[in-house]
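Colleague: What follows is model-v3.txt, made up of compact mmCIF, N, CA and C atoms:
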# COMPACT_ATOMS: atom_id res chain seq x y z
N TYR A 1089 0.82 -1.21 0.00
CA TYR A 1089 0.00 0.00 0.00
C TYR A 1089 0.86 1.26 0.00
N ASP A 1090 2.06 1.18 0.55
CA ASP A 1090 2.95 2.34 0.54
C ASP A 1090 3.19 2.83 -0.87
N GLU A 1091 3.47 1.89 -1.74
CA GLU A 1091 3.86 2.21 -3.11
C GLU A 1091 2.79 3.00 -3.86
N MET A 1092 1.51 2.69 -3.58
CA MET A 1092 0.44 3.36 -4.31
C MET A 1092 0.16 4.77 -3.79
N VAL A 1093 0.62 5.09 -2.58
CA VAL A 1093 0.32 6.38 -1.96
C VAL A 1093 1.54 7.31 -1.92
N ALA A 1094 2.69 6.76 -1.60
CA ALA A 1094 3.88 7.58 -1.36
C ALA A 1094 4.47 8.11 -2.65
N ARG A 1095 4.68 9.42 -2.68
CA ARG A 1095 5.40 10.02 -3.79
C ARG A 1095 6.86 9.62 -3.64
N ALA A 1096 7.51 9.42 -4.73
CA ALA A 1096 8.94 9.07 -4.74
C ALA A 1096 9.22 7.85 -3.88
N PHE A 1097 8.36 6.84 -3.97
CA PHE A 1097 8.59 5.59 -3.23
C PHE A 1097 9.93 5.00 -3.62
N TYR A 1098 10.24 5.09 -4.91
CA TYR A 1098 11.56 4.71 -5.40
C TYR A 1098 12.33 6.00 -5.66
N SER A 1099 13.56 6.05 -5.22
CA SER A 1099 14.35 7.25 -5.52
C SER A 1099 15.79 6.85 -5.80
N THR A 1100 16.45 7.70 -6.56
CA THR A 1100 17.85 7.50 -6.88
C THR A 1100 18.57 8.81 -6.64
N THR A 1101 19.70 8.71 -5.98
CA THR A 1101 20.54 9.88 -5.75
C THR A 1101 21.98 9.48 -6.04
N SER A 1102 22.84 10.45 -6.15
CA SER A 1102 24.23 10.17 -6.48
C SER A 1102 25.13 11.11 -5.69
N MET A 1103 26.31 10.62 -5.35
CA MET A 1103 27.31 11.47 -4.70
C MET A 1103 28.68 10.99 -5.16
N SER A 1104 29.65 11.88 -5.04
CA SER A 1104 31.00 11.51 -5.44
C SER A 1104 31.51 10.39 -4.53
N LEU A 1105 32.41 9.62 -5.06
CA LEU A 1105 33.01 8.54 -4.29
C LEU A 1105 33.72 9.09 -3.06
N GLN A 1106 34.37 10.24 -3.22
CA GLN A 1106 35.07 10.87 -2.09
C GLN A 1106 34.08 11.25 -0.99
N GLU A 1107 32.98 11.88 -1.36
CA GLU A 1107 31.96 12.26 -0.37
C GLU A 1107 31.37 11.03 0.32
N PHE A 1108 31.12 9.99 -0.46
CA PHE A 1108 30.60 8.73 0.08
C PHE A 1108 31.53 8.17 1.15
N TYR A 1109 32.82 8.05 0.81
CA TYR A 1109 33.78 7.51 1.76
C TYR A 1109 33.94 8.42 2.98
N ASP A 1110 33.94 9.73 2.77
CA ASP A 1110 34.06 10.68 3.89
C ASP A 1110 32.89 10.51 4.86
N LYS A 1111 31.68 10.42 4.34
CA LYS A 1111 30.50 10.30 5.21
C LYS A 1111 30.50 9.01 6.02
N LEU A 1112 31.09 7.96 5.45
CA LEU A 1112 31.12 6.68 6.15
C LEU A 1112 32.40 6.48 6.95
N GLY A 1113 33.33 7.44 6.85
CA GLY A 1113 34.58 7.32 7.59
C GLY A 1113 35.50 6.25 7.02
N LEU A 1114 35.41 6.03 5.74
CA LEU A 1114 36.24 5.04 5.07
C LEU A 1114 37.39 5.70 4.32
N LYS A 1115 38.48 4.98 4.20
CA LYS A 1115 39.63 5.44 3.42
C LYS A 1115 39.24 5.42 1.94
N TYR A 1116 39.67 6.46 1.21
CA TYR A 1116 39.33 6.55 -0.21
C TYR A 1116 39.90 5.36 -0.97
N ASP A 1117 39.09 4.83 -1.88
CA ASP A 1117 39.47 3.73 -2.75
C ASP A 1117 38.73 3.96 -4.06
N LYS A 1118 39.40 3.71 -5.18
CA LYS A 1118 38.75 3.92 -6.48
C LYS A 1118 37.66 2.88 -6.75
N GLY A 1119 37.71 1.78 -6.02
CA GLY A 1119 36.72 0.72 -6.21
C GLY A 1119 35.65 0.78 -5.13
N LEU A 1120 34.64 -0.05 -5.31
CA LEU A 1120 33.57 -0.14 -4.32
C LEU A 1120 33.07 -1.58 -4.30
N GLU A 1121 33.25 -2.23 -3.16
CA GLU A 1121 32.77 -3.59 -3.00
C GLU A 1121 31.71 -3.60 -1.90
N VAL A 1122 30.50 -3.96 -2.25
CA VAL A 1122 29.39 -3.99 -1.30
C VAL A 1122 28.87 -5.41 -1.21
N LEU A 1123 28.78 -5.89 0.02
CA LEU A 1123 28.26 -7.23 0.28
C LEU A 1123 27.19 -7.12 1.36
N VAL A 1124 25.95 -7.42 0.99
CA VAL A 1124 24.85 -7.40 1.96
C VAL A 1124 24.91 -8.70 2.75
N LEU A 1125 25.03 -8.59 4.07
CA LEU A 1125 25.14 -9.75 4.94
C LEU A 1125 23.81 -10.23 5.49
N GLU A 1126 22.90 -9.27 5.72
CA GLU A 1126 21.61 -9.64 6.31
C GLU A 1126 20.55 -8.61 5.93
N ARG A 1127 19.36 -9.12 5.61
CA ARG A 1127 18.20 -8.27 5.34
C ARG A 1127 17.09 -8.66 6.31
N SER A 1128 16.24 -7.69 6.62
CA SER A 1128 15.09 -7.94 7.49
C SER A 1128 13.97 -8.57 6.68
N SER A 1129 12.90 -8.94 7.35
CA SER A 1129 11.75 -9.52 6.65
C SER A 1129 11.09 -8.51 5.71
N SER A 1130 11.32 -7.20 5.95
CA SER A 1130 10.77 -6.17 5.07
C SER A 1130 11.81 -5.72 4.03
N ASN A 1131 12.87 -6.51 3.87
CA ASN A 1131 13.93 -6.31 2.87
C ASN A 1131 14.88 -5.16 3.19
N ARG A 1132 14.79 -4.59 4.38
CA ARG A 1132 15.75 -3.55 4.77
C ARG A 1132 17.10 -4.19 5.06
N ILE A 1133 18.16 -3.47 4.76
CA ILE A 1133 19.50 -3.98 5.05
C ILE A 1133 19.77 -3.87 6.54
N VAL A 1134 20.11 -4.99 7.15
CA VAL A 1134 20.44 -5.03 8.57
C VAL A 1134 21.95 -4.88 8.74
N LYS A 1135 22.72 -5.66 7.97
CA LYS A 1135 24.19 -5.60 8.02
C LYS A 1135 24.74 -5.70 6.62
N LEU A 1136 25.84 -4.99 6.38
CA LEU A 1136 26.53 -5.07 5.11
C LEU A 1136 28.01 -4.79 5.30
N LYS A 1137 28.79 -5.15 4.31
CA LYS A 1137 30.21 -4.83 4.29
C LYS A 1137 30.45 -3.92 3.10
N ILE A 1138 31.20 -2.86 3.36
CA ILE A 1138 31.62 -1.96 2.29
C ILE A 1138 33.14 -1.96 2.32
N ASN A 1139 33.73 -2.43 1.24
CA ASN A 1139 35.20 -2.56 1.14
C ASN A 1139 35.78 -3.27 2.35
N GLY A 1140 35.09 -4.31 2.80
CA GLY A 1140 35.59 -5.14 3.89
C GLY A 1140 35.22 -4.69 5.29
N GLN A 1141 34.67 -3.48 5.43
CA GLN A 1141 34.28 -2.98 6.75
C GLN A 1141 32.78 -3.19 6.96
N GLU A 1142 32.44 -3.76 8.12
CA GLU A 1142 31.04 -4.06 8.41
C GLU A 1142 30.31 -2.85 8.97
N PHE A 1143 29.07 -2.67 8.50
CA PHE A 1143 28.20 -1.58 8.95
C PHE A 1143 26.82 -2.14 9.25
N LEU A 1144 26.10 -1.45 10.12
CA LEU A 1144 24.67 -1.69 10.26
C LEU A 1144 23.98 -0.88 9.18
N GLY A 1145 22.91 -1.43 8.64
CA GLY A 1145 22.16 -0.70 7.61
C GLY A 1145 21.65 0.63 8.12
N THR A 1146 21.21 0.67 9.38
CA THR A 1146 20.70 1.92 9.93
C THR A 1146 21.79 2.98 10.04
N ASP A 1147 23.04 2.57 10.27
CA ASP A 1147 24.14 3.54 10.34
C ASP A 1147 24.40 4.16 8.96
N VAL A 1148 24.41 3.33 7.92
CA VAL A 1148 24.60 3.83 6.56
C VAL A 1148 23.44 4.74 6.18
N TYR A 1149 22.23 4.33 6.52
CA TYR A 1149 21.01 5.11 6.28
C TYR A 1149 21.14 6.51 6.88
N LYS A 1150 21.59 6.58 8.12
CA LYS A 1150 21.72 7.86 8.82
C LYS A 1150 22.88 8.69 8.28
N LYS A 1151 24.03 8.07 8.12
CA LYS A 1151 25.23 8.80 7.68
C LYS A 1151 25.10 9.35 6.27
N LEU A 1152 24.39 8.64 5.41
CA LEU A 1152 24.23 9.09 4.03
C LEU A 1152 22.94 9.89 3.83
N GLY A 1153 22.10 9.97 4.86
CA GLY A 1153 20.85 10.71 4.75
C GLY A 1153 19.88 10.09 3.76
N LEU A 1154 19.76 8.76 3.80
CA LEU A 1154 18.90 8.05 2.85
C LEU A 1154 17.44 8.08 3.28
N ARG A 1155 16.55 7.79 2.34
CA ARG A 1155 15.11 7.73 2.63
C ARG A 1155 14.72 6.42 3.29
N SER A 1156 15.53 5.37 3.05
CA SER A 1156 15.14 4.05 3.50
C SER A 1156 16.36 3.19 3.77
N CYS A 1157 16.17 2.16 4.60
CA CYS A 1157 17.21 1.15 4.82
C CYS A 1157 17.15 0.05 3.76
N ASP A 1158 16.22 0.15 2.82
CA ASP A 1158 16.15 -0.75 1.67
C ASP A 1158 16.84 -0.01 0.53
N PHE A 1159 18.15 -0.22 0.41
CA PHE A 1159 18.92 0.55 -0.56
C PHE A 1159 19.89 -0.34 -1.33
N GLU A 1160 20.38 0.22 -2.42
CA GLU A 1160 21.37 -0.44 -3.26
C GLU A 1160 22.44 0.59 -3.59
N LEU A 1161 23.71 0.20 -3.52
CA LEU A 1161 24.84 1.07 -3.81
C LEU A 1161 25.54 0.56 -5.06
N VAL A 1162 25.72 1.45 -6.05
CA VAL A 1162 26.34 1.05 -7.30
C VAL A 1162 27.38 2.11 -7.69
N LEU A 1163 28.56 1.66 -8.06
CA LEU A 1163 29.61 2.56 -8.53
C LEU A 1163 29.37 2.88 -10.00
N VAL A 1164 29.25 4.16 -10.31
CA VAL A 1164 29.06 4.62 -11.68
C VAL A 1164 30.12 5.68 -11.94
N GLY A 1165 31.19 5.28 -12.60
CA GLY A 1165 32.32 6.20 -12.81
C GLY A 1165 32.95 6.55 -11.48
N ASP A 1166 33.02 7.85 -11.18
CA ASP A 1166 33.58 8.33 -9.91
C ASP A 1166 32.49 8.68 -8.90
N ASN A 1167 31.29 8.19 -9.14
CA ASN A 1167 30.16 8.47 -8.26
C ASN A 1167 29.54 7.18 -7.73
N VAL A 1168 28.87 7.30 -6.60
CA VAL A 1168 28.10 6.20 -6.06
C VAL A 1168 26.63 6.54 -6.28
N GLU A 1169 25.94 5.67 -6.99
CA GLU A 1169 24.51 5.84 -7.22
C GLU A 1169 23.79 5.05 -6.13
N ILE A 1170 22.84 5.69 -5.47
CA ILE A 1170 22.12 5.07 -4.36
C ILE A 1170 20.65 5.01 -4.72
N LYS A 1171 20.13 3.79 -4.80
CA LYS A 1171 18.72 3.58 -5.11
C LYS A 1171 18.04 3.12 -3.83
N THR A 1172 16.96 3.80 -3.47
CA THR A 1172 16.21 3.41 -2.28
C THR A 1172 14.79 3.04 -2.66
N LYS A 1173 14.21 2.21 -1.80
CA LYS A 1173 12.81 1.80 -1.97
C LYS A 1173 12.11 2.04 -0.65
N GLY A 1174 11.05 2.81 -0.68
CA GLY A 1174 10.27 3.07 0.52
C GLY A 1174 10.86 4.18 1.37
N TYR A 1175 10.41 4.20 2.61
CA TYR A 1175 10.82 5.23 3.56
C TYR A 1175 11.15 4.58 4.89
N GLY A 1176 12.08 5.17 5.61
CA GLY A 1176 12.33 4.82 6.99
C GLY A 1176 13.09 3.53 7.23
N HIS A 1177 13.00 3.10 8.48
CA HIS A 1177 13.79 1.97 8.96
C HIS A 1177 13.05 0.65 8.87
N GLY A 1178 11.76 0.68 8.58
CA GLY A 1178 11.01 -0.56 8.38
C GLY A 1178 10.49 -1.20 9.64
N VAL A 1179 10.41 -0.43 10.70
CA VAL A 1179 9.90 -0.96 11.97
C VAL A 1179 8.66 -0.17 12.35
N GLY A 1180 7.57 -0.85 12.67
CA GLY A 1180 6.35 -0.16 13.08
C GLY A 1180 5.43 0.11 11.91
N MET A 1181 4.48 1.00 12.16
CA MET A 1181 3.45 1.29 11.17
C MET A 1181 3.93 2.34 10.17
N SER A 1182 3.69 2.08 8.92
CA SER A 1182 4.01 3.01 7.86
C SER A 1182 2.83 3.96 7.67
N GLN A 1183 3.10 5.25 7.72
CA GLN A 1183 2.01 6.21 7.52
C GLN A 1183 1.46 6.11 6.11
N TYR A 1184 2.31 5.85 5.13
CA TYR A 1184 1.85 5.72 3.75
C TYR A 1184 1.08 4.42 3.56
N GLY A 1185 1.59 3.35 4.13
CA GLY A 1185 0.90 2.07 4.04
C GLY A 1185 -0.47 2.12 4.69
N ALA A 1186 -0.55 2.74 5.87
CA ALA A 1186 -1.83 2.88 6.57
C ALA A 1186 -2.81 3.72 5.74
N GLN A 1187 -2.30 4.77 5.14
CA GLN A 1187 -3.16 5.62 4.30
C GLN A 1187 -3.66 4.82 3.09
N GLY A 1188 -2.76 4.05 2.48
CA GLY A 1188 -3.15 3.23 1.33
C GLY A 1188 -4.19 2.19 1.70
N MET A 1189 -4.03 1.57 2.87
CA MET A 1189 -5.01 0.59 3.34
C MET A 1189 -6.35 1.26 3.57
N ALA A 1190 -6.35 2.44 4.20
CA ALA A 1190 -7.59 3.17 4.46
C ALA A 1190 -8.30 3.53 3.15
N LYS A 1191 -7.53 3.94 2.15
CA LYS A 1191 -8.12 4.27 0.85
C LYS A 1191 -8.71 3.04 0.17
N ASN A 1192 -8.26 1.86 0.59
CA ASN A 1192 -8.80 0.61 0.04
C ASN A 1192 -9.86 0.00 0.93
N GLY A 1193 -10.38 0.78 1.88
CA GLY A 1193 -11.52 0.34 2.66
C GLY A 1193 -11.24 -0.34 3.98
N TYR A 1194 -9.98 -0.46 4.37
CA TYR A 1194 -9.67 -1.07 5.67
C TYR A 1194 -9.97 -0.08 6.78
N ASN A 1195 -10.47 -0.58 7.92
CA ASN A 1195 -10.73 0.31 9.05
C ASN A 1195 -9.51 0.34 9.98
N TYR A 1196 -9.56 1.18 10.99
CA TYR A 1196 -8.40 1.36 11.86
C TYR A 1196 -8.01 0.08 12.59
N LYS A 1197 -9.00 -0.75 12.94
CA LYS A 1197 -8.70 -2.01 13.63
C LYS A 1197 -7.93 -2.96 12.71
N GLU A 1198 -8.34 -3.03 11.46
CA GLU A 1198 -7.66 -3.90 10.49
C GLU A 1198 -6.25 -3.39 10.19
N ILE A 1199 -6.12 -2.09 10.11
CA ILE A 1199 -4.80 -1.49 9.84
C ILE A 1199 -3.85 -1.76 11.00
N LEU A 1200 -4.32 -1.54 12.21
CA LEU A 1200 -3.47 -1.80 13.38
C LEU A 1200 -3.11 -3.28 13.49
N ALA A 1201 -4.05 -4.17 13.19
CA ALA A 1201 -3.79 -5.60 13.24
C ALA A 1201 -2.74 -6.01 12.20
N HIS A 1202 -2.76 -5.34 11.05
CA HIS A 1202 -1.78 -5.62 10.01
C HIS A 1202 -0.36 -5.27 10.48
N TYR A 1203 -0.20 -4.12 11.09
CA TYR A 1203 1.13 -3.65 11.49
C TYR A 1203 1.58 -4.20 12.85
N TYR A 1204 0.65 -4.54 13.69
CA TYR A 1204 0.99 -5.01 15.04
C TYR A 1204 0.30 -6.35 15.31
N GLY A 1205 0.66 -7.34 14.48
CA GLY A 1205 0.07 -8.67 14.59
C GLY A 1205 0.26 -9.26 15.99
N GLY A 1206 -0.75 -9.99 16.44
CA GLY A 1206 -0.68 -10.63 17.74
C GLY A 1206 -1.03 -9.73 18.90
N THR A 1207 -1.41 -8.50 18.62
CA THR A 1207 -1.82 -7.58 19.69
C THR A 1207 -3.33 -7.53 19.76
N GLU A 1208 -3.82 -6.95 20.83
CA GLU A 1208 -5.26 -6.86 21.04
C GLU A 1208 -5.62 -5.43 21.43
N LEU A 1209 -6.67 -4.92 20.82
CA LEU A 1209 -7.18 -3.60 21.18
C LEU A 1209 -8.11 -3.71 22.37
N LYS A 1210 -7.91 -2.85 23.35
CA LYS A 1210 -8.77 -2.83 24.53
C LYS A 1210 -9.08 -1.40 24.90
N LYS A 1211 -10.25 -1.19 25.45
CA LYS A 1211 -10.62 0.11 26.00
C LYS A 1211 -10.10 0.19 27.43
N LEU A 1212 -9.50 1.30 27.76
CA LEU A 1212 -9.02 1.52 29.12
C LEU A 1212 -9.95 2.45 29.85
N LYS A 1213 -10.14 2.18 31.13
CA LYS A 1213 -11.04 3.02 31.93
C LYS A 1213 -10.28 4.22 32.47
Starting from the file, give its structure as structure tokens.
Modeller:
Amino acid sequence: YDEMVARAFYSTTSMSLQEFYDKLGLKYDKGLEVLVLERSSSNRIVKLKINGQEFLGTDVYKKLGLRSCDFELVLVGDNVEIKTKGYGHGVGMSQYGAQGMAKNGYNYKEILAHYYGGTELKKLK
């Protein structure tokens, strides 16, 4: 549902290789080797190696100012092209997904049950 509601659900940005390495605190290298070690159930990167150094996906997300932890890094000449899918860290309820579900007729109880499976709604006194 996120995809049908969110503008720029897919985005691509680019930065120089030097800027990329500076932001991540890596020594400059003309090459770029990226190895994804672990992804979450929502396809966000949990752990990866960049030129042999291990990072958490959330750290790369924050340091590079990305839209999402579901990203791809590609070397294009002297630049790093960064493709992201979605928004945020992938934990909890998506405001765009909830809006998309609501537009498709789901009520708040169904939306909450989708994002917080195994929970129960109760009225408090």
Colleague: Using only C-alpha atoms, which of the listed residues (A:Gln1106, A:Leu1112, A:Thr1146, A:Val1122) sits closest to Val1162 (chain A)?
Modeller: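 Selected residue with least distance to Val1162 (chain A): A:Val1122.
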Colleague: Would you work out the distance separating CA of Leu1114 (chain A) from atom C of Gly1145 (chain A), expressed in Å to one decimal?
Modeller: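 Going from CA of Leu1114 (chain A) over to atom C of Gly1145 (chain A) covers 15.5 Å.
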Colleague: I'd like to know which of A:Glu1142, A:Tyr1109, A:Thr1172, A:Ser1130 is closest to Glu1160 (chain A), using all atoms listed in the file.
Modeller: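 For Glu1160 (chain A), the nearest of the candidates is A:Thr1172.
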Colleague: For a test of reading the model, state the distance in Å between CA of Ile1170 (chain A) and CA of Gln1187 (chain A), rounded to one decimal.
Modeller: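 For CA of Ile1170 (chain A) relative to CA of Gln1187 (chain A), the distance reads 26.7 Å.
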Colleague: At what distance in Å, to one decimal, does CA of Asp1158 (chain A) lie from CA of Gly1140 (chain A)?
Modeller: 20.1 Å
Colleague: Determine the nearest neighbour of Phe1108 (chain A) from the options A:Met1181, A:Ile1199, A:Ile1133, A:Val1168, counting only N, CA and C atoms.
Modeller: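 Nearest to Phe1108 (chain A): A:Val1168.
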Colleague: Skip Lys1135 (chain A) itself and residues of its chain fewer than 2 positions away, then list as a list in words all residues within 10 Å of it, counting only C-alpha atoms.
Modeller: Leu1123, Val1124, Leu1125, Glu1126, Arg1127, Ser1128, Arg1132, Ile1133, Lys1137, Glu1142, Phe1143, Leu1144, Gly1145, Thr1146, Asp1147 and Val1148 of chain A
Colleague: Can you list, as a PyMOL selection string, all residues belonging to chain A that DSSP tags as alpha helix (DSSP H)?
Modeller: chain A and resi 1090-1093+1105-1112+1145-1152+1183-1191+1196-1203
Colleague: Using the file's own x, y and z axes, what box holds all listed atoms of region 1130-1142 of chain A with 5 Å on each side, keeping edges along x, y and z, and what are its centre and edge lengths in Å to one decimal, as lines of an AutoDock Vina configuration file?
Modeller:
center_x = 23.3
center_y = -4.6
center_z = 5.1
size_x = 35.0
size_y = 15.2
size_z = 17.8
Colleague: A:Arg1155, A:Met1189, A:Leu1200, A:Leu1161: which is nearest Gly1174 (chain A), counting all atoms listed in the file?
Modeller: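 Answer, going by the shortest atom-to-atom distance: A:Arg1155.
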Colleague: Between A:Lys1211, A:Leu1163, A:Ser1129, A:Leu1152, which one has atoms that come closest to Asp1110 (chain A), using only C-alpha atoms?
Modeller: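 Closest residue, counting only C-alpha atoms: A:Leu1152.
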Colleague: Measuring atom to atom with only N, CA and C atoms, identify which of A:Tyr1194, A:Leu1120, A:Tyr1203, A:Ser1182 is nearest to Asn1139 (chain A).
Modeller: A:Leu1120
Colleague: Using DSSP on the backbone coordinates, identify all residues within region 1114-1177 of chain A classified as strand (DSSP E or B); present the result as number ranges by chain.
Modeller: A: 1122-1127, 1133-1138, 1141-1144, 1156, 1159-1164, 1167-1173, 1176
